[in-house]
Amino acid sequence: MGSWRRLDLSLKADDLPSNINIENIEVRDYQVELYKESLKGNSLIVLPTGLGKTLIAVLIAAHKLEGSALCKIVAMAPTKPLVNQLLNSFKRCIQLEKGLIASLTGDDPPEKRVAIWRSSRIMVSTPQVIKNDILASRYSLKEVCLIIFDEAHRATGDYPYVYIAKKYLEENPNGHIIGLTASPGYSDEQIRELRANLGVTLVHFKDRDDPEVRRYVQRVNEETLMIEPPVEFTSVVKYFNILLEKFVKPLKEASLISYRDARTLSLKKLIELQKTLSQRVAKEGLSAEYINYTILVTNAIRVSHAIALLETQGVTSALMYIRRVEETAGRRMNSSLRMLVRDPFWLTARVQLESLSQMGLEHPKLLRLRELLKEHFESGGQRALVFTNYRDTAKLIVQTLLGEGPIRPARFVGQADRGGDRGLTQKDQIEILRKFRDGEYNVLVATQVAEEGLDIAECDFVVMYDNVPSPLRLIQRIGRTGRISAGRIVYLVTKHTRDEVYHYIAKRRRKDVVNAIKNDINNPPTPISLRTTQETMYTGIEVAADIRETNSEVAVYLSNLGIKLKLTKLNVSDYVVSDDICVERKTVDDFTASIVDGRLFDQALNMRRTYRKPILIVEGENIYSSRLNPESIRGALISLAVDYGIPILWSRSANETAHLIARMAAREQRETGSRPIIRNSRKPVNDEQIKEFIVASLPGVDAVRARSLLRHFGSVLHVFTATIEELESVEGIGRKTAEKIRRILDEEYKHEQST
């Protein structure tokens with residue numbers, strides 16, 4: 001949302017709530033129309049980027065506050081920068097006393113968030129914070145009269161918006177929901193799912209061609225420049241294609257995939273096959289044949305990506321990807337990576353890329369981009385925005401444009417660190433956008449982070465350096481120009497590559513978006529799935545859950561079952577259901593990983609020592625689908641059951657895990673009156689456990705090895721006085737472990753190193 005000017009003179013002041021700061025805004029008649037229509041029920045407002053969706057939400061919020069002194073409003077956005085923009089919009093536009101508009105952040109302790117909730121009228125936050133607080137029952141949504149979901153198209157799958165909308169309509173059936181998006185989807189099914197997940201009854205849609213909108217936006221010219229790939233790329237691509245054929249031919253012979261030419265295989269088709277093979281392995285158990293097929297398709301995906309990077313981005317991006325693959329192979333030499341990086345065709349392609357890099361050869365897009373930007377600024381252009389999918393490319397573009405006459409570029413990426421590339425802090429992002437707005441930078445080279453909602457200064461030129469098949473992302477990119485002055489968009493498309501395919505897919509789907517919305521407006525909404533009778537049978541039951549479990553769907557399912565969750569940091573287990581029972585939950589992947597890194601038995605020992613009845617739930621379809629030796633998995637399961645005395649329950653999904661935990665908690669709490677008791681540790685309760693505890697504290701010794709040592713030597717004293725050779729003779733104690741034990745027992749205690 002850009003800076004707003006004075007009220008449009010064609011509108012009357014009484015069209016707006018009385019608590020709006022009219023001096024700070026510009027309101028357009030279509031915004032007032034959508035504001036009034038959205039007051040009639042739960043609404044999804046669909047407007048292209050830059051046409052003022054946020055102001056409509058602000059007007060609705062002001063109306064709600066005007067009508068009730070007790071009303072609270074929650075507004076959510078996916079990222080912290082978007083949250084700050086929403087917060088500033090509310091503060092600038094609505095007349096409320098200081099402190100009544102506030103943000104809730106995960107950086108604040110829960111007690112402070114609860115205090116802010118109690119004292120504020122408008123709360124702005126990311127959905128993850130709201131979700132966690134609702135799960136922990138820190139506050140109720142009953143007193144909330146309006147919830148605003150910014151970037152509402154995210155309300156699919158297990159995104160927190162879905163859970164929050166469901167809980168809100170359960171707790172407050174008369175509440176009001178507003179969703180804001182530039183595109184709800186390009187198919188009827190996607191839009192119906194979104195409406196069902198948010199409980200939306202009304203859809204309000206306008207685009208740049210709408211008569212009421214057209215007079216407020218400027219003409220945008222779109223051009224497509226077809227770029228010929230350099231002939232020097234041909235040899236490299238040839239070797240990659242030979243390698244690709246080598247990986248996919250056995251898949252074709254096994255009737256797992258069909259194609260005429262391996263070069264025409266889409267990345268999407270390969271990824272779908274990879275998923276299918278993984279599911280088969282999970283269903284049918286470990287199979288050397290299918291594991292080999294999985295390795296082949298995984299490497300085909302890697303080669304396909306390398307080809308796409310070279311053809312659409314250039315030598316530097318492709319080479320950096322190859323180097324990262326090889327670095328990963330050096331750190332963990334699994335069979336699929338070993339097969340790939342040692343292949344002579346891979347090595348030949350890499351050598352040729354190194355040679356092209358030394359020659360300084362890059363993609364012709366780069367030179368064309370430089371020419372386009374020079375022409376733009378020399379002809380009076382003000383600002384330009386260049387979109388690319390990859391950080392490596394963004395870095396290369398900025399390096400190429402630096403010092404090029406009137407061009408003053410800046411790289412704009414997300415906050416997360418990726419592949420050794422450090423993200424920008426929120427402070428850095430804000431500063432770059434300020435400098436872009438003030439003219440210190442006049443070219444922003446941005447990844448996807450600049451597509452969604454951020455307050456970026458008006459640009460009169462947008463360049464799509466590469467292309468995306470998503471119509472939503474395309475609509476968001478286009479919305480960055482043509483708001484105040486005429487805009488120009490140029491698509492750089494490499495001929496006969498994935499670039500060209502994506503370009504035309506996105507343009508076609510962009511038309512599908514409009515048709516799907518128009519079709520859906522006249523369809524009755526699917527009612528949101530509220531809590532069933534079965535899901536209220538656990539009302540009054542409590543479960544303590546580790547705060548990290550909010551990242552899984554188990555906590556959400558427990559909440560939907562009516563369980564009262566106590567979220568806290570648990571040092572032992574993931575859930576506590578009573579005084580006696582704790583539960584450790586592991587997906588099949590986590591279970592096998594914890595065998596490899598040694599966590600499993602340390603966790604088992606802590607559970608055994610701390611709670612009388614520890615339980616392990618293993619969640620997933622087939623535990624033998626991993627590459628870990630099945631005998632190692634069976635050995636771990638037997639050890640848990642026999643040596644540690646921990647029962648193992650099996651669950652197919654997060655939903656089933658939640659039902660197991662809920663049933664367990666209800667049984668304990670209703671039959672014995674027990675409640676979840678959180679313990680950090682449990683001291684040994686008899687002499688034998690004390691002996692095991694002492695020996696298990698030695699390096700490389702867990703409870704099982706401690707018992708083996710005590711059975712072999714007969715006492716703690718004899719264990720402590722045993723030689724390296726004697727220790728090594730005990731099953732499970734290797735030479736290195738024996739040496740570590742002896743060193744710890746013999747070394748002099750150094751007090752200064754313990755403090």
# chains A, B, ... in the order shown; residues from 1 in each chain; ligands from 1
>>> residues_around(residues="Leu256 of chain A", least_positions_apart="3", cutoff="10 Å", atoms="only C-alpha atoms", output="list in words")
Val248, Lys249, Pro250, Leu251, Lys252, Glu253, Leu273, Thr276, Leu277 and Tyr293 of chain A
>>> write_last_selection(atoms="C-alpha atoms", output="short mmCIF file (atom, residue, chain, number, x, y, z; two decimals), in the first residue's frame")
data_model
loop_
_atom_site.label_atom_id
_atom_site.label_comp_id
_atom_site.auth_asym_id
_atom_site.auth_seq_id
_atom_site.Cartn_x
_atom_site.Cartn_y
_atom_site.Cartn_z
CA VAL A 248 15.66 -41.80 -17.12
CA LYS A 249 16.10 -44.65 -19.64
CA PRO A 250 15.86 -47.41 -16.96
CA LEU A 251 12.73 -45.69 -15.66
CA LYS A 252 11.21 -45.81 -19.13
CA GLU A 253 12.18 -49.47 -19.56
CA LEU A 273 7.51 -39.76 -10.32
CA THR A 276 5.16 -41.96 -6.55
CA LEU A 277 8.29 -44.08 -6.08
CA TYR A 293 14.75 -46.09 -9.29
#
>>> residues_around(residues="segment 343-353 of chain A", least_positions_apart="6", cutoff="10 Å", atoms="only C-alpha atoms", output="list of chain:residue names")
A:Glu232, A:Phe233, A:Ser235, A:Val236, A:Val237, A:Lys238, A:Tyr239, A:Phe240, A:Asn241, A:Ile242, A:Leu243, A:Leu244, A:Lys246, A:Val303, A:Leu310, A:Gly314, A:Val315, A:Thr316, A:Ala318, A:Leu319, A:Ile322, A:Arg323, A:Leu337, A:Met359, A:Leu361
>>> select_by_dssp(residues="segment 529-738 of chain A", states="alpha helix (DSSP H)", output="PyMOL selection string")
chain A and resi 554-560+588-597+599-610+630-642+654-672+687-696+703-713+716-720+724-728+735-738
>>> closest_residue(among="A:Thr54, A:Ser278, A:Gln85, A:Thr721", to="Leu180 of chain A", atoms="only C-alpha atoms")
A:Thr54
>>> closest_residue(among="A:Ile744, A:Met320, A:Thr393, A:Tyr186", to="Asn519 of chain A", atoms="only C-alpha atoms")
A:Tyr186
>>> residues_around(residues="segment 658-667 of chain A", least_positions_apart="3", cutoff="9 Å", atoms="only C-alpha atoms", output="ChimeraX atom specification")
/A:538,540-543,553-558,561,563,575-578,581,583,617,649,651,653-655,670-672,675-676
>>> write_last_selection(atoms="C-alpha atoms", output="PDB file, in the first residue's frame")
ATOM      1  CA  TYR A 538     -12.347 -34.608  25.147  1.00  0.00           C
ATOM      2  CA  GLY A 540     -11.824 -30.681  29.903  1.00  0.00           C
ATOM      3  CA  ILE A 541      -8.868 -32.958  29.159  1.00  0.00           C
ATOM      4  CA  GLU A 542      -5.398 -31.376  29.384  1.00  0.00           C
ATOM      5  CA  VAL A 543      -2.154 -32.256  27.628  1.00  0.00           C
ATOM      6  CA  GLU A 553      -0.204 -30.800  12.867  1.00  0.00           C
ATOM      7  CA  VAL A 554      -0.619 -32.989  15.970  1.00  0.00           C
ATOM      8  CA  ALA A 555      -1.120 -29.967  18.233  1.00  0.00           C
ATOM      9  CA  VAL A 556      -3.755 -28.575  15.844  1.00  0.00           C
ATOM     10  CA  TYR A 557      -5.638 -31.882  15.760  1.00  0.00           C
ATOM     11  CA  LEU A 558      -5.521 -32.097  19.560  1.00  0.00           C
ATOM     12  CA  LEU A 561     -10.554 -32.511  19.477  1.00  0.00           C
ATOM     13  CA  ILE A 563      -8.023 -30.871  24.265  1.00  0.00           C
ATOM     14  CA  TYR A 575       3.803 -34.603  25.343  1.00  0.00           C
ATOM     15  CA  VAL A 576       2.841 -35.281  28.961  1.00  0.00           C
ATOM     16  CA  VAL A 577      -0.659 -36.668  29.588  1.00  0.00           C
ATOM     17  CA  SER A 578      -0.544 -37.488  33.311  1.00  0.00           C
ATOM     18  CA  ILE A 581       2.867 -40.958  31.283  1.00  0.00           C
ATOM     19  CA  VAL A 583       4.911 -39.469  25.059  1.00  0.00           C
ATOM     20  CA  ILE A 617       4.632 -43.149  19.049  1.00  0.00           C
ATOM     21  CA  LEU A 649       2.572 -47.373  19.372  1.00  0.00           C
ATOM     22  CA  SER A 651       0.302 -44.215  13.872  1.00  0.00           C
ATOM     23  CA  SER A 653      -0.766 -39.801  10.405  1.00  0.00           C
ATOM     24  CA  ALA A 654      -0.672 -36.725  12.638  1.00  0.00           C
ATOM     25  CA  ASN A 655      -4.444 -37.003  13.024  1.00  0.00           C
ATOM     26  CA  ARG A 670     -10.925 -39.520  34.038  1.00  0.00           C
ATOM     27  CA  GLU A 671     -10.087 -42.849  35.664  1.00  0.00           C
ATOM     28  CA  THR A 672      -7.353 -41.763  38.078  1.00  0.00           C
ATOM     29  CA  ARG A 675      -3.148 -34.312  35.559  1.00  0.00           C
ATOM     30  CA  PRO A 676      -0.074 -33.648  33.364  1.00  0.00           C
TER      31      PRO A 676
END
>>> residues_around(residues="Leu640 of chain A", least_positions_apart="4", cutoff="10 Å", atoms="only C-alpha atoms", output="ChimeraX atom specification")
/A:600-601,604-605,615-616,634-636,644-648,704
>>> residues_around(residues="Ala593 of chain A", least_positions_apart="6", cutoff="10 Å", atoms="only C-alpha atoms", output="list in words")
Lys586, Thr587, Arg599, Leu600, Ser626 and Leu628 of chain A
>>> select_by_dssp(residues="segment 182-287 of chain A", states="strand (DSSP E or B)", output="NGL selection string")
:A and (202-205 or 220-227)
>>> closest_residue(among="A:Phe412, A:Tyr159, A:Tyr35, A:Tyr216", to="Lys435 of chain A", atoms="only C-alpha atoms")
A:Phe412
>>> closest_residue(among="A:Cys459, A:Val596, A:Leu270, A:Ala115", to="Thr294 of chain A", atoms="only C-alpha atoms")
A:Leu270
>>> residues_around(residues="Ser43 of chain A", least_positions_apart="4", cutoff="10 Å", atoms="only C-alpha atoms", output="ChimeraX atom specification")
/A:34-35,37-39,148,176-180,195,198-204
>>> residues_around(residues="Ala61 of chain A", least_positions_apart="3", cutoff="8 Å", atoms="only C-alpha atoms", output="MDAnalysis selection string")
chainID A and resid 57:58 64:65 73 146
>>> decode(residues="segment 37-50 of chain A", atoms="N, CA and C atoms", output="compact mmCIF listing (two decimals), in the first residue's frame")
# COMPACT_ATOMS: atom_id res chain seq x y z
N GLU A 37 -19.93 -3.44 0.51
CA GLU A 37 -20.40 -4.79 0.17
C GLU A 37 -19.84 -5.83 1.14
N SER A 38 -18.62 -5.60 1.60
CA SER A 38 -17.98 -6.57 2.48
C SER A 38 -18.55 -6.55 3.89
N LEU A 39 -19.28 -5.50 4.25
CA LEU A 39 -19.93 -5.46 5.56
C LEU A 39 -21.11 -6.44 5.63
N LYS A 40 -21.54 -6.94 4.48
CA LYS A 40 -22.73 -7.79 4.45
C LYS A 40 -22.45 -9.24 4.85
N GLY A 41 -21.19 -9.63 4.94
CA GLY A 41 -20.87 -11.00 5.33
C GLY A 41 -19.40 -11.31 5.16
N ASN A 42 -19.01 -12.52 5.52
CA ASN A 42 -17.61 -12.93 5.37
C ASN A 42 -17.21 -12.84 3.90
N SER A 43 -16.15 -12.09 3.63
CA SER A 43 -15.85 -11.72 2.24
C SER A 43 -14.41 -11.98 1.86
N LEU A 44 -14.23 -12.36 0.62
CA LEU A 44 -12.91 -12.45 0.00
C LEU A 44 -12.82 -11.31 -1.01
N ILE A 45 -11.88 -10.40 -0.79
CA ILE A 45 -11.70 -9.24 -1.67
C ILE A 45 -10.52 -9.53 -2.59
N VAL A 46 -10.80 -9.57 -3.89
CA VAL A 46 -9.78 -9.90 -4.88
C VAL A 46 -9.49 -8.66 -5.71
N LEU A 47 -8.29 -8.11 -5.52
CA LEU A 47 -7.84 -6.94 -6.28
C LEU A 47 -6.38 -7.11 -6.64
N PRO A 48 -5.96 -6.72 -7.84
CA PRO A 48 -4.54 -6.82 -8.20
C PRO A 48 -3.68 -5.98 -7.25
N THR A 49 -2.42 -6.37 -7.16
CA THR A 49 -1.45 -5.65 -6.32
C THR A 49 -1.45 -4.16 -6.67
N GLY A 50 -1.46 -3.34 -5.62
CA GLY A 50 -1.36 -1.90 -5.82
C GLY A 50 -2.67 -1.16 -5.95
